[in-house]
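Here is coords15.txt, consisting of compact mmCIF, C-alpha atoms and all ligand atoms:
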# COMPACT_ATOMS: atom_id res chain seq x y z
CA MET A 7 54.23 -20.99 -117.07
CA ALA A 8 54.08 -24.05 -114.78
CA ASP A 9 56.21 -26.34 -116.93
CA ARG A 10 59.65 -24.74 -117.05
CA ASP A 11 63.18 -25.33 -115.86
CA GLY A 12 64.64 -23.13 -113.16
CA SER A 13 64.07 -22.39 -109.51
CA ILE A 14 61.61 -20.33 -107.49
CA TRP A 15 62.18 -18.92 -104.01
CA CYS A 16 59.33 -20.15 -101.88
CA ASP A 17 58.91 -19.47 -98.14
CA GLY A 18 62.62 -19.28 -97.48
CA ALA A 19 64.02 -21.95 -99.82
CA LEU A 20 64.91 -22.29 -103.46
CA ILE A 21 62.76 -25.04 -104.95
CA SER A 22 62.47 -26.50 -108.42
CA TRP A 23 60.16 -24.52 -110.78
CA ARG A 24 57.72 -27.40 -111.30
CA GLU A 25 57.40 -28.05 -107.54
CA ALA A 26 56.17 -24.51 -106.75
CA LYS A 27 52.52 -25.39 -106.17
CA THR A 28 49.75 -24.41 -103.80
CA HIS A 29 46.54 -26.11 -102.64
CA VAL A 30 43.16 -25.47 -104.33
CA LEU A 31 41.71 -24.41 -100.97
CA THR A 32 44.11 -21.50 -100.65
CA HIS A 33 42.42 -18.38 -99.28
CA ALA A 34 43.96 -16.10 -101.93
CA LEU A 35 42.56 -18.22 -104.79
CA HIS A 36 39.03 -17.87 -103.42
CA TYR A 37 39.05 -14.32 -102.05
CA GLY A 38 41.77 -12.46 -103.96
CA SER A 39 43.98 -11.80 -100.93
CA ALA A 40 47.33 -12.13 -102.72
CA VAL A 41 49.61 -9.12 -103.20
CA LEU A 42 52.22 -9.05 -105.92
CA GLU A 43 54.97 -7.14 -107.65
CA GLY A 44 56.36 -7.03 -111.15
CA GLU A 45 60.08 -6.29 -111.44
CA ARG A 46 62.63 -6.19 -114.22
CA VAL A 47 66.17 -7.47 -114.34
CA TYR A 48 68.57 -5.44 -116.45
CA GLU A 49 72.26 -6.36 -116.62
CA GLY A 50 71.66 -8.92 -113.86
CA ARG A 51 70.24 -6.33 -111.41
CA VAL A 52 66.62 -5.75 -110.39
CA PHE A 53 65.69 -2.14 -111.16
CA ARG A 54 64.46 -0.31 -108.02
CA LEU A 55 64.35 -3.56 -106.02
CA ALA A 56 64.00 -1.90 -102.60
CA ALA A 57 61.06 0.21 -103.81
CA HIS A 58 59.29 -2.90 -105.14
CA SER A 59 59.88 -4.92 -101.95
CA ALA A 60 58.66 -1.99 -99.84
CA ARG A 61 55.52 -1.67 -101.95
CA LEU A 62 54.85 -5.41 -101.58
CA ILE A 63 55.00 -5.11 -97.78
CA ASN A 64 52.77 -2.02 -97.92
CA SER A 65 50.23 -3.73 -100.21
CA ALA A 66 49.90 -6.56 -97.66
CA ARG A 67 49.43 -3.99 -94.88
CA LEU A 68 46.67 -2.31 -96.89
CA LEU A 69 44.99 -5.74 -96.91
CA ASP A 70 45.60 -5.96 -93.17
CA TYR A 71 48.40 -8.54 -93.02
CA GLU A 72 52.12 -8.53 -92.34
CA LEU A 73 54.68 -10.38 -94.39
CA PRO A 74 56.95 -12.41 -92.10
CA TRP A 75 60.04 -11.10 -93.96
CA THR A 76 61.68 -7.70 -93.81
CA ARG A 77 62.31 -5.55 -96.86
CA GLU A 78 66.01 -6.43 -96.67
CA GLU A 79 65.24 -10.17 -96.49
CA ILE A 80 62.94 -9.92 -99.53
CA ASP A 81 65.64 -7.99 -101.42
CA ALA A 82 68.22 -10.67 -100.56
CA ALA A 83 65.86 -13.49 -101.56
CA THR A 84 65.15 -11.76 -104.87
CA ARG A 85 68.85 -11.33 -105.64
CA ALA A 86 69.48 -14.97 -104.71
CA VAL A 87 66.77 -16.37 -106.97
CA VAL A 88 67.77 -14.13 -109.89
CA LYS A 89 71.33 -15.38 -109.48
CA ALA A 90 70.24 -19.02 -109.13
CA ASN A 91 68.43 -18.73 -112.46
CA ASP A 92 71.45 -17.03 -114.01
CA LEU A 93 69.39 -14.14 -115.39
CA THR A 94 70.85 -11.04 -116.97
CA SER A 95 67.62 -9.81 -118.54
CA GLY A 96 64.33 -10.89 -117.06
CA TYR A 97 61.08 -10.35 -115.22
CA VAL A 98 60.47 -11.14 -111.54
CA ARG A 99 57.11 -11.92 -109.99
CA PRO A 100 57.03 -11.85 -106.18
CA ILE A 101 53.66 -12.91 -104.78
CA ALA A 102 52.50 -13.17 -101.17
CA TRP A 103 49.29 -14.93 -100.25
CA ARG A 104 47.21 -16.29 -97.41
CA GLY A 105 47.18 -20.05 -97.13
CA SER A 106 44.77 -22.97 -96.84
CA GLU A 107 44.50 -23.58 -93.09
CA VAL A 108 40.91 -22.32 -92.85
CA MET A 109 38.27 -21.72 -95.52
CA GLY A 110 36.01 -18.69 -95.32
CA VAL A 111 35.94 -14.99 -96.06
CA SER A 112 38.01 -14.25 -92.98
CA ALA A 113 41.71 -14.97 -93.46
CA ILE A 114 42.34 -15.07 -89.71
CA GLY A 115 44.15 -18.30 -88.95
CA THR A 116 45.82 -18.65 -92.34
CA THR A 117 49.58 -18.49 -92.74
CA VAL A 118 51.24 -15.95 -95.02
CA HIS A 119 53.40 -17.27 -97.87
CA LEU A 120 55.81 -15.61 -100.25
CA ALA A 121 57.15 -16.85 -103.57
CA ILE A 122 59.54 -15.07 -105.94
CA ALA A 123 59.62 -16.36 -109.51
CA PRO A 124 62.03 -14.86 -112.07
CA TRP A 125 62.28 -15.75 -115.73
CA ALA A 126 64.25 -14.66 -118.77
CA GLN A 127 62.60 -11.80 -120.61
CA GLU A 128 63.96 -9.58 -123.34
CA GLY A 129 62.20 -6.34 -124.22
CA ARG A 130 58.74 -5.37 -123.06
CA LEU A 131 56.06 -7.50 -121.51
CA SER A 132 52.28 -7.01 -121.79
CA VAL A 133 52.32 -4.14 -124.33
CA GLN A 134 54.58 -4.08 -127.37
CA VAL A 135 55.77 -0.87 -128.97
CA LYS A 136 54.30 -0.36 -132.42
CA PRO A 137 55.78 1.93 -135.09
CA GLY A 138 52.97 4.47 -134.74
CA GLY A 139 52.37 3.89 -131.02
CA ILE A 140 49.79 1.64 -129.39
CA ARG A 141 46.02 2.01 -129.79
CA VAL A 142 44.06 2.43 -126.59
CA THR A 143 40.33 2.53 -125.86
CA MET A 144 38.39 3.90 -122.90
CA ALA A 145 37.42 1.30 -120.31
CA LYS A 146 33.91 0.86 -118.96
CA TYR A 147 34.94 0.00 -115.41
CA ARG A 148 36.55 2.63 -113.22
CA ARG A 149 39.20 2.42 -110.51
CA PRO A 150 37.43 2.14 -107.15
CA ALA A 151 36.79 5.02 -104.75
CA PRO A 152 38.84 5.09 -101.52
CA GLU A 153 35.65 4.17 -99.66
CA VAL A 154 35.31 1.07 -101.87
CA ALA A 155 38.76 -0.54 -101.90
CA PRO A 156 42.41 0.15 -101.00
CA GLY A 157 43.29 1.03 -104.60
CA GLU A 158 46.97 1.81 -103.95
CA ALA A 159 47.60 -1.83 -103.03
CA LYS A 160 48.97 -4.04 -105.80
CA ALA A 161 46.51 -6.75 -104.83
CA ALA A 162 45.24 -9.66 -106.90
CA GLY A 163 41.58 -8.84 -106.20
CA LEU A 164 41.96 -5.33 -107.58
CA TYR A 165 43.10 -6.71 -110.94
CA ILE A 166 39.74 -8.31 -111.75
CA ILE A 167 38.42 -5.26 -113.61
CA CYS A 168 41.82 -4.62 -115.24
CA GLY A 169 41.79 -8.15 -116.68
CA ILE A 170 38.23 -7.77 -118.00
CA GLU A 171 39.08 -4.42 -119.62
CA LYS A 172 42.38 -5.62 -121.09
CA ASP A 173 40.65 -8.61 -122.68
CA ARG A 174 37.81 -6.45 -123.96
CA ALA A 175 40.33 -4.04 -125.51
CA LEU A 176 42.35 -6.84 -127.16
CA LYS A 177 39.21 -8.49 -128.58
CA ALA A 178 38.15 -5.13 -130.08
CA GLY A 179 41.55 -4.75 -131.80
CA PHE A 180 43.12 -2.30 -129.31
CA ASP A 181 46.29 -2.80 -127.29
CA ASP A 182 45.05 -1.59 -123.91
CA ALA A 183 42.28 0.29 -122.09
CA LEU A 184 42.39 3.56 -120.16
CA MET A 185 40.59 3.54 -116.85
CA LEU A 186 39.00 6.57 -115.19
CA ASP A 187 38.89 7.01 -111.43
CA TRP A 188 35.67 7.04 -109.41
CA LYS A 189 35.22 10.76 -110.13
CA GLY A 190 35.56 10.31 -113.88
CA ARG A 191 39.11 11.63 -114.15
CA LEU A 192 41.96 9.85 -115.95
CA ALA A 193 43.60 7.25 -113.70
CA GLU A 194 45.79 4.61 -115.38
CA SER A 195 45.71 1.85 -117.98
CA THR A 196 45.08 -1.77 -117.00
CA GLY A 197 48.78 -2.27 -116.20
CA ALA A 198 50.59 1.08 -116.52
CA ASN A 199 50.42 4.76 -115.60
CA ILE A 200 49.76 7.56 -118.10
CA PHE A 201 51.45 10.84 -119.06
CA LEU A 202 50.26 13.56 -121.45
CA ALA A 203 52.37 16.32 -123.02
CA ILE A 204 50.28 19.50 -122.97
CA GLY A 205 51.73 22.89 -123.93
CA GLY A 206 55.32 21.73 -123.41
CA LYS A 207 54.63 20.35 -119.92
CA LEU A 208 54.20 16.78 -118.78
CA VAL A 209 50.91 16.11 -117.06
CA THR A 210 50.07 12.96 -115.11
CA PRO A 211 47.14 12.10 -112.84
CA LYS A 212 47.88 12.65 -109.15
CA VAL A 213 47.74 9.26 -107.48
CA GLU A 214 44.48 8.93 -105.64
CA ASN A 215 43.57 5.34 -104.94
CA PHE A 216 45.29 3.77 -107.93
CA LEU A 217 48.77 2.31 -108.30
CA ASP A 218 51.65 4.72 -107.67
CA GLY A 219 53.97 3.27 -110.30
CA ILE A 220 57.67 3.01 -109.64
CA THR A 221 58.26 3.72 -113.35
CA ARG A 222 55.97 6.76 -113.05
CA ARG A 223 58.19 8.11 -110.31
CA ALA A 224 61.30 7.44 -112.42
CA VAL A 225 59.69 9.30 -115.36
CA ILE A 226 58.99 12.31 -113.11
CA GLY A 227 62.60 12.19 -111.94
CA MET A 228 63.97 11.97 -115.50
CA ALA A 229 61.74 14.86 -116.65
CA GLU A 230 62.79 17.04 -113.70
CA ARG A 231 66.44 16.23 -114.42
CA ARG A 232 65.89 17.63 -117.92
CA GLY A 233 64.34 20.76 -116.38
CA TRP A 234 60.85 20.00 -117.66
CA THR A 235 57.74 20.95 -115.73
CA VAL A 236 55.71 18.00 -114.47
CA GLU A 237 52.19 18.58 -113.21
CA GLU A 238 50.72 15.89 -110.97
CA ARG A 239 47.06 16.83 -110.78
CA ALA A 240 43.53 15.76 -111.58
CA VAL A 241 43.34 15.23 -115.36
CA ALA A 242 39.98 15.35 -117.15
CA PRO A 243 39.59 12.85 -120.02
CA GLN A 244 38.78 15.82 -122.32
CA GLU A 245 42.39 16.95 -121.87
CA LEU A 246 43.33 14.10 -124.19
CA ASP A 247 42.12 16.55 -126.90
CA ASP A 248 44.82 19.07 -125.86
CA ALA A 249 47.71 16.60 -125.67
CA SER A 250 50.42 16.55 -128.34
CA GLU A 251 51.91 13.31 -126.95
CA VAL A 252 50.59 10.51 -124.76
CA PHE A 253 52.54 7.59 -123.30
CA LEU A 254 52.08 4.80 -120.79
CA CYS A 255 54.74 3.64 -118.37
CA GLY A 256 55.20 0.63 -116.14
CA THR A 257 57.77 -1.97 -115.19
CA ALA A 258 56.62 -4.47 -117.82
CA ALA A 259 55.61 -1.93 -120.47
CA GLU A 260 58.59 0.42 -119.85
CA ILE A 261 57.68 3.64 -121.73
CA VAL A 262 55.18 3.00 -124.52
CA PRO A 263 54.03 5.73 -126.90
CA VAL A 264 50.28 5.92 -127.47
CA GLY A 265 49.35 6.51 -131.12
CA ALA A 266 45.60 6.67 -130.58
CA VAL A 267 42.99 6.83 -127.84
CA ASP A 268 39.84 5.75 -129.68
CA ALA A 269 39.41 8.42 -132.44
CA ARG A 270 42.16 10.76 -131.15
CA HIS A 271 45.54 10.38 -132.85
CA TYR A 272 49.01 11.28 -131.60
CA GLN A 273 52.52 11.47 -133.00
CA ILE A 274 55.39 9.87 -131.12
CA GLY A 275 56.84 13.23 -130.09
CA PRO A 276 60.17 14.51 -128.78
CA MET A 277 59.33 14.26 -125.06
CA THR A 278 58.31 10.61 -125.35
CA ARG A 279 61.36 9.75 -127.47
CA THR A 280 63.73 11.50 -125.05
CA LEU A 281 62.24 9.75 -122.02
CA MET A 282 62.34 6.36 -123.75
CA ALA A 283 66.06 6.81 -124.41
CA ASP A 284 66.72 8.16 -120.89
CA TYR A 285 64.83 5.25 -119.34
CA ALA A 286 66.75 2.66 -121.36
CA GLU A 287 69.94 4.20 -119.98
CA LEU A 288 68.68 4.64 -116.40
CA VAL A 289 67.62 1.03 -115.88
CA ARG A 290 71.12 -0.14 -116.79
CA GLN A 291 72.87 2.08 -114.25
CA PRO A 292 74.06 0.32 -111.08
CA ASP A 293 73.18 3.06 -108.56
CA CYS A 294 69.68 4.30 -109.24
CA GLU A 295 67.86 2.92 -106.19
CA GLY A 296 66.65 6.31 -104.89
CA PHE A 297 66.05 7.74 -108.34
CA GLY A 298 62.69 9.35 -108.87
CA GLU A 299 61.65 9.27 -105.23
CA SER A 300 59.19 12.07 -104.66
CA GLY A 301 60.76 15.49 -105.32
CA HIS A 302 64.32 14.11 -105.57
CA PHE A 303 65.35 16.30 -108.50
CA ALA A 304 63.24 19.30 -107.47
CA GLN A 305 65.09 19.23 -104.13
CA LEU A 306 68.47 19.04 -105.86
CA ALA A 307 67.52 21.97 -108.10
CA ARG A 308 66.32 24.03 -105.11
CA ALA A 309 69.51 23.23 -103.18
CA LYS A 310 71.59 24.32 -106.17
CA ALA A 311 69.62 27.57 -106.57
CA ALA A 312 69.86 28.41 -102.84
N1 LIG B 401 49.08 0.63 -112.85
C1 LIG B 401 48.79 -0.68 -112.86
C2 LIG B 401 47.35 -1.10 -112.77
C3 LIG B 401 49.80 -1.63 -112.97
O1 LIG B 401 49.52 -2.94 -112.99
C4 LIG B 401 51.14 -1.20 -113.08
C5 LIG B 401 52.25 -2.20 -113.22
N2 LIG B 401 52.71 -2.64 -111.98
C6 LIG B 401 51.41 0.18 -113.07
C7 LIG B 401 50.35 1.07 -112.94
C8 LIG B 401 52.81 0.70 -113.15
O2 LIG B 401 53.52 0.41 -111.97
P1 LIG B 401 55.08 0.16 -111.96
O3 LIG B 401 55.69 1.28 -112.70
O4 LIG B 401 55.44 0.17 -110.52
O5 LIG B 401 55.33 -1.14 -112.62
Could you render the structure as structure tokens?
Amino acid sequence: MADRDGSIWCDGALISWREAKTHVLTHALHYGSAVLEGERVYEGRVFRLAAHSARLINSARLLDYELPWTREEIDAATRAVVKANDLTSGYVRPIAWRGSEVMGVSAIGTTVHLAIAPWAQEGRLSVQVKPGGIRVTMAKYRRPAPEVAPGEAKAAGLYIICGIEKDRALKAGFDDALMLDWKGRLAESTGANIFLAIGGKLVTPKVENFLDGITRRAVIGMAERRGWTVEERAVAPQELDDASEVFLCGTAAEIVPVGAVDARHYQIGPMTRTLMADYAELVRQPDCEGFGESGHFAQLARAKAA
């Protein structure tokens, strides 16, 4: 990834791709203090840009630091760098980190940096759709308890166990791994959230100390718009036995049907297919910034009924 043409926005300026470097004694490299986002460009626009920039700022706050840029400034920088690279379809990686001024566990005294790197990307990233759906295995590591780590932050350090589990899954011939939370309930995959179709309803784990996906919220919004019931609640892994459909969703993965979780097999069913088509349409619409924000469609429905 280091040897490419193009430009990267770095600490307020557009610089050449190959010049975007950092020192080996950077705090984030040693102690995992970077926070990041993953965004997609469709038709030249970043889908749910404001939500991603806001989550980046919030992730830094969960790690006890402030980004020296506002949400609006990060949005503007992102649009500028996407335009500079002339992207119509792509992926964007914003990353903020603590610098190299002092070396030690404490980051006090380091400066905060921000880089935004976009590149051309067609289709999905990280998990590819397969004709019968992807094959997933159960992970050994769990998402941390709230007393252990700020699990809702999209922080580099929190990806250590995701990386180990993803590699373990790939080496064993699977496409991804499903992680439980600290109480043994379903949480998320190593880079996406999960939905199950059970008895005609969509069921997804309530976010408790894992990543509250922006795609997850869009899926809830799309399902509510279709009048479907969505349950956000604790989901026991045994409920995978009751599901007629299972899918993962995330910015990079989009909506990916799951064909198997270890020995359990699933069809790519009508709910998954409908949401995949709806999502492909949604991401290409110009005005969907607030879409899928908590209760958006439920509120509209209630207002209509009142
Ligand atoms: N969980 C994890 C661990 C992830 O890395 C991602 C991808 N960012 C998601 C869930 C989905 O989040 P989003 O829909 O915001 O991309």
### Task
One decimal, Å: what's the distance from atom CA of A:Glu295 over to atom CA of A:Ala56, could you say?
7.1 Å
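The point (45.1, -8.0, -106.8) has these residues within 10 Å of it when all atoms listed in the file are used: Ala34, Tyr37, Gly38, Ser39, Ala40, Val41, Leu42, Glu43, Ser65, Gly157, Ala159, Lys160, Ala161, Ala162, Gly163, Leu164, Tyr165, Ile166, Ile167 and Cys168 of chain A.
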For the residues selected in the previous step, produce a file with C-alpha atoms as a PDB file, in the coordinates of the input.
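Final output, saved to selection.pdb:
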ATOM      1  CA  ALA A  34      43.960 -16.100-101.930  1.00  0.00           C
ATOM      2  CA  TYR A  37      39.050 -14.320-102.050  1.00  0.00           C
ATOM      3  CA  GLY A  38      41.770 -12.460-103.960  1.00  0.00           C
ATOM      4  CA  SER A  39      43.980 -11.800-100.930  1.00  0.00           C
ATOM      5  CA  ALA A  40      47.330 -12.130-102.720  1.00  0.00           C
ATOM      6  CA  VAL A  41      49.610  -9.120-103.200  1.00  0.00           C
ATOM      7  CA  LEU A  42      52.220  -9.050-105.920  1.00  0.00           C
ATOM      8  CA  GLU A  43      54.970  -7.140-107.650  1.00  0.00           C
ATOM      9  CA  SER A  65      50.230  -3.730-100.210  1.00  0.00           C
ATOM     10  CA  GLY A 157      43.290   1.030-104.600  1.00  0.00           C
ATOM     11  CA  ALA A 159      47.600  -1.830-103.030  1.00  0.00           C
ATOM     12  CA  LYS A 160      48.970  -4.040-105.800  1.00  0.00           C
ATOM     13  CA  ALA A 161      46.510  -6.750-104.830  1.00  0.00           C
ATOM     14  CA  ALA A 162      45.240  -9.660-106.900  1.00  0.00           C
ATOM     15  CA  GLY A 163      41.580  -8.840-106.200  1.00  0.00           C
ATOM     16  CA  LEU A 164      41.960  -5.330-107.580  1.00  0.00           C
ATOM     17  CA  TYR A 165      43.100  -6.710-110.940  1.00  0.00           C
ATOM     18  CA  ILE A 166      39.740  -8.310-111.750  1.00  0.00           C
ATOM     19  CA  ILE A 167      38.420  -5.260-113.610  1.00  0.00           C
ATOM     20  CA  CYS A 168      41.820  -4.620-115.240  1.00  0.00           C
TER      21      CYS A 168
END
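Near A:Pro156, within a cut-off of 10 Å and counting all atoms listed in the file, sit the residues Ser65, Leu68, Leu69, Pro150, Leu164, Asn215, Phe216 and Leu217 of chain A, with same-chain residues fewer than 6 positions away left out.
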### Message
Can you pull out every residue with an atom within 10 Å of ligand LIG 401 (chain B)? Use all atoms listed in the file and format it as number ranges by chain.
### Response
A: 42-46, 54, 57-58, 61, 132, 149, 157-161, 164-165, 167-169, 185, 193-200, 216-225, 254-261
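Across the structure, atom CA of A:Leu176 and atom CA of A:Gly138 are spaced 17.3 Å apart.
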### 8 Å contact set for stretch 270-275 of chain A, all atoms listed in the file, chain neighbours under 5 positions out, as a PyMOL selection string
chain A and resi 138-139+246-247+250-252+263-265
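Taking all atoms listed in the file into account, A:Tyr48 lies nearest to A:Gly96 out of the set A:Pro124, A:Pro243, A:Gly96, A:Pro152.
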### Task
For atom CA of A:Ser13 and atom CA of A:Pro100, quote the distance in Å rounded to one decimal.
13.1 Å
### Task
List the neighbours of A:Met7 out to 10 Å using only C-alpha atoms; skip same-chain residues closer than 5 positions along the sequence, and give me the result as a list of chain:residue names.
A:Trp23, A:Arg24, A:Trp125
### Query
Any idea what's packed within 9 Å of A:Ala90, counting all atoms listed in the file, ignoring anything in its chain fewer than 6 positions away? Could you give it as a list in words?
Gly12, Ser13, Ile14 and Leu20 of chain A
Keeping only C-alpha atoms, write those residues as a short mmCIF file (atom, residue, chain, number, x, y, z; two decimals), in the frame of the given file.
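File produced: part_10.cif:
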data_model
loop_
_atom_site.label_atom_id
_atom_site.label_comp_id
_atom_site.auth_asym_id
_atom_site.auth_seq_id
_atom_site.Cartn_x
_atom_site.Cartn_y
_atom_site.Cartn_z
CA GLY A 12 64.64 -23.13 -113.16
CA SER A 13 64.07 -22.39 -109.51
CA ILE A 14 61.61 -20.33 -107.49
CA LEU A 20 64.91 -22.29 -103.46
#
### Message
Please determine, counting all atoms listed in the file, which residue among A:Ala121, A:Phe253, A:Leu186, A:Arg191 has the shortest atom-to-atom distance to A:Arg279.
### Response
A:Phe253
May I ask you to restore N, CA, C and O atoms in stretch 30-45 of chain A and write the result as an mmCIF file, in the coordinates of the input?
data_model
loop_
_atom_site.group_PDB
_atom_site.id
_atom_site.type_symbol
_atom_site.label_atom_id
_atom_site.label_comp_id
_atom_site.auth_asym_id
_atom_site.auth_seq_id
_atom_site.Cartn_x
_atom_site.Cartn_y
_atom_site.Cartn_z
ATOM 1 N N VAL A 30 44.357 -26.121 -103.752
ATOM 2 C CA VAL A 30 43.160 -25.470 -104.330
ATOM 3 C C VAL A 30 42.312 -24.748 -103.285
ATOM 4 O O VAL A 30 41.506 -23.877 -103.627
ATOM 5 N N LEU A 31 42.483 -25.095 -102.015
ATOM 6 C CA LEU A 31 41.710 -24.410 -100.970
ATOM 7 C C LEU A 31 42.514 -23.276 -100.326
ATOM 8 O O LEU A 31 42.361 -22.985 -99.144
ATOM 9 N N THR A 32 43.343 -22.647 -101.119
ATOM 10 C CA THR A 32 44.110 -21.500 -100.650
ATOM 11 C C THR A 32 43.219 -20.262 -100.592
ATOM 12 O O THR A 32 42.499 -19.968 -101.555
ATOM 13 N N HIS A 33 43.282 -19.553 -99.479
ATOM 14 C CA HIS A 33 42.420 -18.380 -99.280
ATOM 15 C C HIS A 33 42.517 -17.399 -100.454
ATOM 16 O O HIS A 33 41.510 -16.913 -100.976
ATOM 17 N N ALA A 34 43.754 -17.118 -100.890
ATOM 18 C CA ALA A 34 43.960 -16.100 -101.930
ATOM 19 C C ALA A 34 43.275 -16.482 -103.251
ATOM 20 O O ALA A 34 42.796 -15.612 -103.984
ATOM 21 N N LEU A 35 43.197 -17.762 -103.549
ATOM 22 C CA LEU A 35 42.560 -18.220 -104.790
ATOM 23 C C LEU A 35 41.052 -17.938 -104.746
ATOM 24 O O LEU A 35 40.426 -17.604 -105.756
ATOM 25 N N HIS A 36 40.480 -18.050 -103.563
ATOM 26 C CA HIS A 36 39.030 -17.870 -103.420
ATOM 27 C C HIS A 36 38.629 -16.406 -103.218
ATOM 28 O O HIS A 36 37.584 -15.979 -103.697
ATOM 29 N N TYR A 37 39.466 -15.660 -102.476
ATOM 30 C CA TYR A 37 39.050 -14.320 -102.050
ATOM 31 C C TYR A 37 40.001 -13.210 -102.483
ATOM 32 O O TYR A 37 39.886 -12.083 -101.991
ATOM 33 N N GLY A 38 40.933 -13.508 -103.366
ATOM 34 C CA GLY A 38 41.770 -12.460 -103.960
ATOM 35 C C GLY A 38 42.747 -11.772 -103.032
ATOM 36 O O GLY A 38 43.148 -10.632 -103.276
ATOM 37 N N SER A 39 43.161 -12.472 -101.960
ATOM 38 C CA SER A 39 43.980 -11.800 -100.930
ATOM 39 C C SER A 39 45.479 -11.789 -101.211
ATOM 40 O O SER A 39 46.260 -11.393 -100.345
ATOM 41 N N ALA A 40 45.890 -12.180 -102.401
ATOM 42 C CA ALA A 40 47.330 -12.130 -102.720
ATOM 43 C C ALA A 40 47.750 -10.701 -103.038
ATOM 44 O O ALA A 40 46.951 -9.898 -103.532
ATOM 45 N N VAL A 41 49.002 -10.387 -102.745
ATOM 46 C CA VAL A 41 49.610 -9.120 -103.200
ATOM 47 C C VAL A 41 50.849 -9.480 -104.005
ATOM 48 O O VAL A 41 51.482 -10.502 -103.756
ATOM 49 N N LEU A 42 51.168 -8.658 -104.983
ATOM 50 C CA LEU A 42 52.220 -9.050 -105.920
ATOM 51 C C LEU A 42 53.052 -7.857 -106.347
ATOM 52 O O LEU A 42 52.702 -6.714 -106.082
ATOM 53 N N GLU A 43 54.136 -8.158 -107.021
ATOM 54 C CA GLU A 43 54.970 -7.140 -107.650
ATOM 55 C C GLU A 43 55.355 -7.625 -109.038
ATOM 56 O O GLU A 43 55.227 -8.816 -109.359
ATOM 57 N N GLY A 44 55.796 -6.697 -109.845
ATOM 58 C CA GLY A 44 56.360 -7.030 -111.150
ATOM 59 C C GLY A 44 57.651 -6.252 -111.245
ATOM 60 O O GLY A 44 57.644 -5.031 -111.060
ATOM 61 N N GLU A 45 58.765 -6.941 -111.448
ATOM 62 C CA GLU A 45 60.080 -6.290 -111.440
ATOM 63 C C GLU A 45 60.845 -6.684 -112.694
ATOM 64 O O GLU A 45 60.546 -7.710 -113.306
#
